[in-house]
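A.B. asks: For reference, this is work27.cif, and it has mmCIF, C-alpha atoms.
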data_target
#
loop_
_atom_site.label_atom_id
_atom_site.label_comp_id
_atom_site.auth_asym_id
_atom_site.auth_seq_id
_atom_site.Cartn_x
_atom_site.Cartn_y
_atom_site.Cartn_z
CA MET C 1 -23.66 -12.25 -7.80
CA LEU C 2 -21.90 -14.82 -5.67
CA GLU C 3 -20.86 -14.50 -2.06
CA LYS C 4 -18.77 -16.80 0.06
CA GLU C 5 -17.28 -16.78 3.54
CA ILE C 6 -13.74 -18.10 3.58
CA VAL C 7 -11.28 -18.77 6.40
CA VAL C 8 -7.88 -17.67 5.15
CA ASP C 9 -5.20 -20.33 5.38
CA LEU C 10 -2.14 -18.51 4.09
CA GLU C 11 0.87 -18.61 6.39
CA SER C 12 1.54 -14.84 6.38
CA GLY C 13 -2.05 -13.77 5.70
CA LEU C 14 -2.72 -11.22 2.97
CA HIS C 15 0.31 -9.07 3.46
CA ALA C 16 2.91 -7.84 0.97
CA ARG C 17 3.72 -10.76 -1.37
CA PRO C 18 0.52 -12.80 -0.98
CA ALA C 19 -1.48 -9.58 -1.26
CA ALA C 20 0.28 -8.75 -4.53
CA GLU C 21 -0.39 -12.27 -5.83
CA PHE C 22 -4.01 -12.07 -4.71
CA VAL C 23 -4.57 -8.77 -6.55
CA LYS C 24 -2.94 -10.17 -9.67
CA ILE C 25 -5.32 -13.14 -9.65
CA ALA C 26 -8.38 -10.97 -8.91
CA SER C 27 -7.40 -8.55 -11.67
CA SER C 28 -7.33 -11.35 -14.24
CA PHE C 29 -11.13 -11.59 -14.03
CA GLU C 30 -13.73 -9.30 -15.57
CA SER C 31 -16.05 -9.52 -12.57
CA GLU C 32 -16.24 -6.91 -9.87
CA ILE C 33 -14.64 -8.49 -6.81
CA THR C 34 -15.00 -7.27 -3.26
CA LEU C 35 -13.19 -8.57 -0.21
CA ALA C 36 -14.57 -7.81 3.23
CA LYS C 37 -13.45 -8.40 6.79
CA ASN C 38 -15.24 -7.27 9.95
CA GLY C 39 -17.69 -5.19 7.95
CA LYS C 40 -15.03 -3.29 6.05
CA SER C 41 -14.97 -3.98 2.33
CA VAL C 42 -12.40 -3.16 -0.32
CA ASN C 43 -11.91 -3.60 -4.04
CA ALA C 44 -10.03 -6.89 -4.43
CA LYS C 45 -8.16 -5.49 -7.45
CA SER C 46 -6.53 -2.71 -5.39
CA ILE C 47 -3.29 -3.67 -3.66
CA MET C 48 -3.66 -0.81 -1.19
CA GLY C 49 -7.18 -1.88 -0.32
CA VAL C 50 -6.33 -5.53 0.14
CA MET C 51 -3.25 -4.85 2.27
CA SER C 52 -5.18 -2.40 4.42
CA LEU C 53 -7.62 -5.08 5.57
CA GLY C 54 -4.80 -6.64 7.56
CA VAL C 55 -5.95 -10.21 6.90
CA SER C 56 -4.07 -12.80 8.96
CA LYS C 57 -4.08 -16.58 8.84
CA GLY C 58 -7.29 -17.91 10.36
CA ASP C 59 -9.30 -14.73 9.70
CA GLN C 60 -12.71 -15.07 8.14
CA VAL C 61 -13.27 -12.94 5.04
CA ASP C 62 -16.25 -12.42 2.80
CA LEU C 63 -15.72 -12.66 -0.93
CA ILE C 64 -18.30 -11.06 -3.23
CA VAL C 65 -18.00 -11.59 -6.96
CA ASP C 66 -20.27 -10.12 -9.58
CA GLY C 67 -19.87 -10.47 -13.33
CA SER C 68 -19.69 -12.72 -16.37
CA ASP C 69 -16.88 -14.91 -15.06
CA GLU C 70 -18.01 -14.97 -11.43
CA ASN C 71 -18.09 -18.77 -11.13
CA GLU C 72 -14.53 -19.27 -12.23
CA ALA C 73 -13.37 -16.22 -10.26
CA ILE C 74 -14.85 -17.29 -6.94
CA THR C 75 -13.37 -20.80 -7.23
CA THR C 76 -9.91 -19.60 -8.21
CA ILE C 77 -9.77 -16.98 -5.48
CA GLU C 78 -11.10 -19.30 -2.82
CA ASN C 79 -8.44 -21.85 -3.74
CA PHE C 80 -5.78 -19.20 -3.39
CA LEU C 81 -7.05 -18.03 0.00
CA ILE C 82 -7.19 -21.54 1.43
CA GLY C 83 -3.66 -22.19 0.22
CA ARG C 84 -4.56 -24.43 -2.69
CA LYS C 85 -3.07 -23.06 -5.89
CA SER C 86 -5.14 -23.87 -8.94
CA ASN C 87 -2.75 -23.49 -11.86
CA MET M 1 -18.08 4.98 -9.80
CA PHE M 2 -15.98 8.11 -9.59
CA LYS M 3 -15.73 10.00 -6.33
CA LYS M 4 -15.14 13.72 -6.43
CA TRP M 5 -12.53 13.94 -3.72
CA PHE M 6 -10.47 16.67 -5.33
CA GLY M 7 -13.01 19.43 -5.58
CA GLU M 8 -12.16 21.55 -8.58
CA LYS M 9 -9.97 19.75 -11.03
CA LYS M 10 -6.75 21.50 -11.84
CA ASN M 11 -5.03 21.17 -15.14
CA LYS M 12 -1.79 19.83 -13.75
CA THR M 13 -0.47 16.57 -15.14
CA GLU M 14 2.65 16.27 -13.06
CA GLU M 15 3.04 15.31 -9.43
CA ILE M 16 6.06 15.69 -7.23
CA ILE M 17 6.47 13.39 -4.26
CA MET M 18 8.74 14.48 -1.44
CA SER M 19 10.58 12.23 0.96
CA PRO M 20 8.39 11.24 3.95
CA LEU M 21 11.50 10.72 6.11
CA ASP M 22 14.95 12.11 6.82
CA GLY M 23 17.44 9.60 5.47
CA LYS M 24 19.13 8.00 2.51
CA VAL M 25 17.04 7.42 -0.62
CA VAL M 26 17.94 4.25 -2.52
CA ASP M 27 16.68 2.30 -5.51
CA LEU M 28 13.86 -0.20 -4.80
CA VAL M 29 16.06 -3.07 -6.02
CA GLU M 30 18.14 -2.59 -2.87
CA VAL M 31 15.25 -3.63 -0.63
CA PRO M 32 15.97 -7.15 0.71
CA ASP M 33 12.41 -8.35 0.06
CA PRO M 34 11.44 -9.46 -3.44
CA THR M 35 7.89 -8.21 -2.96
CA PHE M 36 9.29 -4.70 -3.15
CA SER M 37 12.54 -5.19 -5.10
CA GLU M 38 10.68 -7.00 -7.90
CA LYS M 39 8.12 -4.18 -7.86
CA MET M 40 5.18 -6.50 -7.22
CA ILE M 41 3.52 -3.75 -5.19
CA GLY M 42 4.57 -0.88 -7.43
CA GLU M 43 7.30 1.47 -8.62
CA GLY M 44 9.09 3.78 -6.26
CA VAL M 45 12.11 4.19 -4.02
CA ALA M 46 13.15 3.13 -0.53
CA ILE M 47 14.43 5.20 2.35
CA ILE M 48 16.86 4.19 5.05
CA PRO M 49 15.52 6.40 7.83
CA GLU M 50 17.58 8.48 10.24
CA ASN M 51 14.70 8.92 12.65
CA GLY M 52 11.12 7.79 13.10
CA ARG M 53 9.16 10.85 11.99
CA VAL M 54 7.02 10.11 8.94
CA LEU M 55 5.66 13.25 7.26
CA SER M 56 3.17 13.46 4.42
CA PRO M 57 5.04 13.47 1.09
CA VAL M 58 2.20 15.27 -0.76
CA ASN M 59 -1.05 17.16 -0.29
CA GLY M 60 -3.77 14.55 -0.35
CA GLU M 61 -6.06 12.28 1.59
CA ILE M 62 -5.35 9.30 3.82
CA ILE M 63 -6.71 6.16 2.17
CA GLN M 64 -5.77 3.92 5.05
CA ILE M 65 -3.64 3.59 8.13
CA PHE M 66 -2.99 -0.10 8.52
CA PRO M 67 -4.39 -1.63 11.73
CA THR M 68 -0.82 -2.32 12.86
CA LYS M 69 0.21 1.29 12.03
CA HIS M 70 3.33 0.23 10.18
CA ALA M 71 2.06 1.44 6.83
CA VAL M 72 -0.02 4.25 5.44
CA GLY M 73 -1.69 4.84 2.10
CA ILE M 74 -2.23 8.34 0.72
CA ARG M 75 -4.12 9.48 -2.35
CA SER M 76 -2.47 12.54 -3.87
CA GLU M 77 -4.43 15.42 -5.36
CA GLN M 78 -3.73 13.97 -8.80
CA GLY M 79 -5.02 10.53 -7.83
CA LEU M 80 -1.76 8.68 -7.23
CA GLU M 81 -1.93 6.06 -4.47
CA ILE M 82 1.24 6.18 -2.41
CA LEU M 83 2.10 3.42 0.04
CA ILE M 84 4.67 4.12 2.75
CA HIS M 85 5.64 0.80 4.32
CA ILE M 86 7.79 1.38 7.42
CA GLY M 87 10.50 -1.25 7.66
CA LEU M 88 10.30 -4.88 6.54
CA GLU M 89 8.26 -7.55 8.34
CA THR M 90 7.08 -4.89 10.78
CA VAL M 91 3.54 -6.29 10.53
CA THR M 92 4.54 -8.82 13.18
CA MET M 93 5.20 -6.00 15.69
CA ASN M 94 1.43 -5.49 15.93
CA GLY M 95 1.69 -1.74 16.32
CA ASP M 96 4.17 -1.79 19.21
CA GLY M 97 6.47 1.21 18.77
CA PHE M 98 4.19 2.97 16.27
CA THR M 99 1.96 6.01 16.85
CA ALA M 100 -0.40 7.27 14.15
CA PHE M 101 -1.58 10.89 14.02
CA VAL M 102 -4.08 10.59 11.18
CA SER M 103 -6.90 8.28 10.20
CA ALA M 104 -8.57 7.15 6.98
CA GLY M 105 -10.37 9.98 5.20
CA ASP M 106 -8.27 12.80 6.73
CA ARG M 107 -7.03 15.47 4.38
CA VAL M 108 -3.31 16.02 4.83
CA GLU M 109 -0.83 18.62 3.71
CA LEU M 110 2.74 18.15 2.62
CA GLY M 111 4.89 17.91 5.75
CA GLN M 112 2.08 17.00 8.14
CA PRO M 113 3.09 14.30 10.68
CA LEU M 114 1.51 10.93 9.81
CA ILE M 115 3.21 8.33 12.00
CA GLU M 116 6.01 8.27 14.52
CA PHE M 117 7.90 5.05 15.19
CA SER M 118 10.76 3.83 17.33
CA ILE M 119 13.77 3.08 15.13
CA GLU M 120 15.28 1.10 18.01
CA LYS M 121 12.24 -1.17 18.31
CA VAL M 122 12.09 -1.75 14.56
CA GLU M 123 15.82 -2.56 14.49
CA ALA M 124 15.36 -4.99 17.36
CA ASN M 125 12.12 -6.69 16.30
CA ALA M 126 11.81 -6.53 12.51
CA LYS M 127 13.93 -7.46 9.54
CA SER M 128 14.98 -3.93 8.56
CA THR M 129 14.13 -0.23 8.94
CA ILE M 130 14.29 0.31 5.18
CA THR M 131 11.04 1.95 4.14
CA PRO M 132 9.68 1.45 0.63
CA VAL M 133 7.61 4.31 -0.80
CA VAL M 134 5.69 3.00 -3.80
CA ILE M 135 2.92 4.01 -6.18
CA THR M 136 0.31 1.25 -6.10
CA ASN M 137 -1.84 2.34 -9.05
CA PRO M 138 0.54 2.05 -12.02
CA ASP M 139 -2.24 2.78 -14.53
CA HIS M 140 -1.95 6.44 -13.46
CA ILE M 141 1.75 6.66 -14.24
CA GLY M 142 2.74 8.03 -17.63
CA HIS M 143 6.38 8.49 -16.77
CA LEU M 144 8.18 8.19 -13.46
CA GLN M 145 11.49 9.75 -12.59
CA VAL M 146 13.12 8.87 -9.29
CA SER M 147 15.68 10.95 -7.47
CA LEU M 148 18.08 9.16 -5.14
CA SER M 149 20.00 11.08 -2.50
CA GLU M 150 22.42 10.50 0.36
CA LYS M 151 20.72 12.84 2.78
CA ALA M 152 17.11 13.60 2.05
CA LYS M 153 15.11 15.92 4.32
CA ALA M 154 11.52 14.95 5.05
CA ALA M 155 9.00 17.02 3.05
CA GLU M 156 11.85 19.03 1.43
CA THR M 157 13.78 16.67 -0.84
CA PHE M 158 11.91 15.33 -3.86
CA ILE M 159 12.12 11.58 -4.45
CA MET M 160 9.79 11.07 -7.43
CA LYS M 161 8.40 13.12 -10.26
CA ILE M 162 5.49 11.55 -12.08
CA GLU M 163 3.73 12.47 -15.26
CA ILE M 164 0.12 11.52 -14.75
CA LYS M 165 -1.63 9.52 -17.42
CA LYS M 166 -5.11 10.96 -17.90
#
Since I need it in another form, could you write the structure as structure tokens?
C.D. replies:
Amino acid sequence: MLEKEIVVDLESGLHARPAAEFVKIASSFESEITLAKNGKSVNAKSIMGVMSLGVSKGDQVDLIVDGSDENEAITTIENFLIGRKSN
Amino acid sequence: MFKKWFGEKKNKTEEIIMSPLDGKVVDLVEVPDPTFSEKMIGEGVAIIPENGRVLSPVNGEIIQIFPTKHAVGIRSEQGLEILIHIGLETVTMNGDGFTAFVSAGDRVELGQPLIEFSIEKVEANAKSTITPVVITNPDHIGHLQVSLSEKAKAAETFIMKIEIKK
């Protein structure tokens, strides 16, 4: 299991479009992925969950990844959250 | 990891979703935001509201009221996740003009008031009042039929009929 604190650097935070993109990326991995903010955690593969966190630019989130492809998953997702696309 | 939120399981495989608002029901492609019109969030319809009273479109449970109160997620008795997103770019209003009557975990009945908002404030401060109503867990949808209408009544006019995939 890997865990990382990340400061989100996406212009409009994780709302609507970026949230949909985030879930699509998270869902492409086998690992269980959890996103947490202020002690509230949600399944990173659920659009409703991710949007409900209300993540804005500059917020600190906690990313927890557990599974066979956790290394690749945590890097890819971190890159997305800090505004660096990795594809 | 399977929570038993629906008590005894009924043998129904169809779910009817009513309009959460009084207003005109239009196709999602008419929403001037590609996130919704390209169905990135999910399938559904959009409503051009006549007033700011948002009623529960189904019997179910509140998954989440967004911190800024401009959107609410409901899990229906059959497990559909329904997102009602009031207006476009309303997140920037930070809750001003919105009042929520329910909180996460509450059981709700069809027609129960969920949120009230000021149409005037949304018109003045956000991009649009058009309100997408979408199903965010497409893996539960076997078949979805939408019903558009010129003058829907909240909690009375059906907007979607869904065959649930078990």
A.B. asks: Can you spell out as a CSV table (one decimal) with C-alpha atoms, keeping the file's coordinate frame the set of residues that the PyMOL selection byres ((chain M) within 8 of (chain C)) selects in the structure I just provided?
C.D. replies:
chain,number,residue,atom,x,y,z
M,35,THR,CA,7.9,-8.2,-3.0
M,40,MET,CA,5.2,-6.5,-7.2
M,41,ILE,CA,3.5,-3.8,-5.2
M,64,GLN,CA,-5.8,3.9,5.0
M,65,ILE,CA,-3.6,3.6,8.1
M,66,PHE,CA,-3.0,-0.1,8.5
M,67,PRO,CA,-4.4,-1.6,11.7
M,68,THR,CA,-0.8,-2.3,12.9
M,73,GLY,CA,-1.7,4.8,2.1
M,81,GLU,CA,-1.9,6.1,-4.5
M,83,LEU,CA,2.1,3.4,0.0
M,136,THR,CA,0.3,1.2,-6.1
M,137,ASN,CA,-1.8,2.3,-9.0
A.B. asks: Which residues, written as a VMD selection string, have at least one atom at most 10 Å from Gly39 in chain C, with all atoms listed in the file counted and residues fewer than 4 positions away on the same chain left out?
C.D. replies: chain C and resid 35 61 to 62
A.B. asks: Please enumerate the residues selected by the PyMOL selection byres ((chain C and resi 26) around 10) when evaluated against the supplied file, formatted as a list in words.
C.D. replies: Ala20, Glu21, Phe22, Val23, Lys24, Ile25, Ser27, Ser28, Phe29, Glu30, Ser31, Glu32, Ile33, Thr34, Asn43, Ala44, Lys45, Ser46, Val65, Ala73, Ile74, Thr76 and Ile77 of chain C
A.B. asks: Measuring atom to atom with all atoms listed in the file, identify which of C:Val7, C:Ser41, C:Leu2, C:Leu81 is nearest to Gln60 in chain C.
C.D. replies: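 Among C:Val7, C:Ser41, C:Leu2, C:Leu81, it is C:Val7 that comes nearest to Gln60 in chain C.
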A.B. asks: The PyMOL selection byres ((chain M and resi 94-108) around 7) on the file shown: which residues, as a list of chain:residue names?
C.D. replies: M:Ser56, M:Asn59, M:Gly60, M:Glu61, M:Ile62, M:Ile63, M:Gln64, M:Ile65, M:Thr68, M:Lys69, M:His70, M:Val91, M:Thr92, M:Met93, M:Glu109, M:Leu110, M:Gln112, M:Pro113, M:Leu114, M:Ile115, M:Glu116, M:Phe117, M:Ser118, M:Lys121
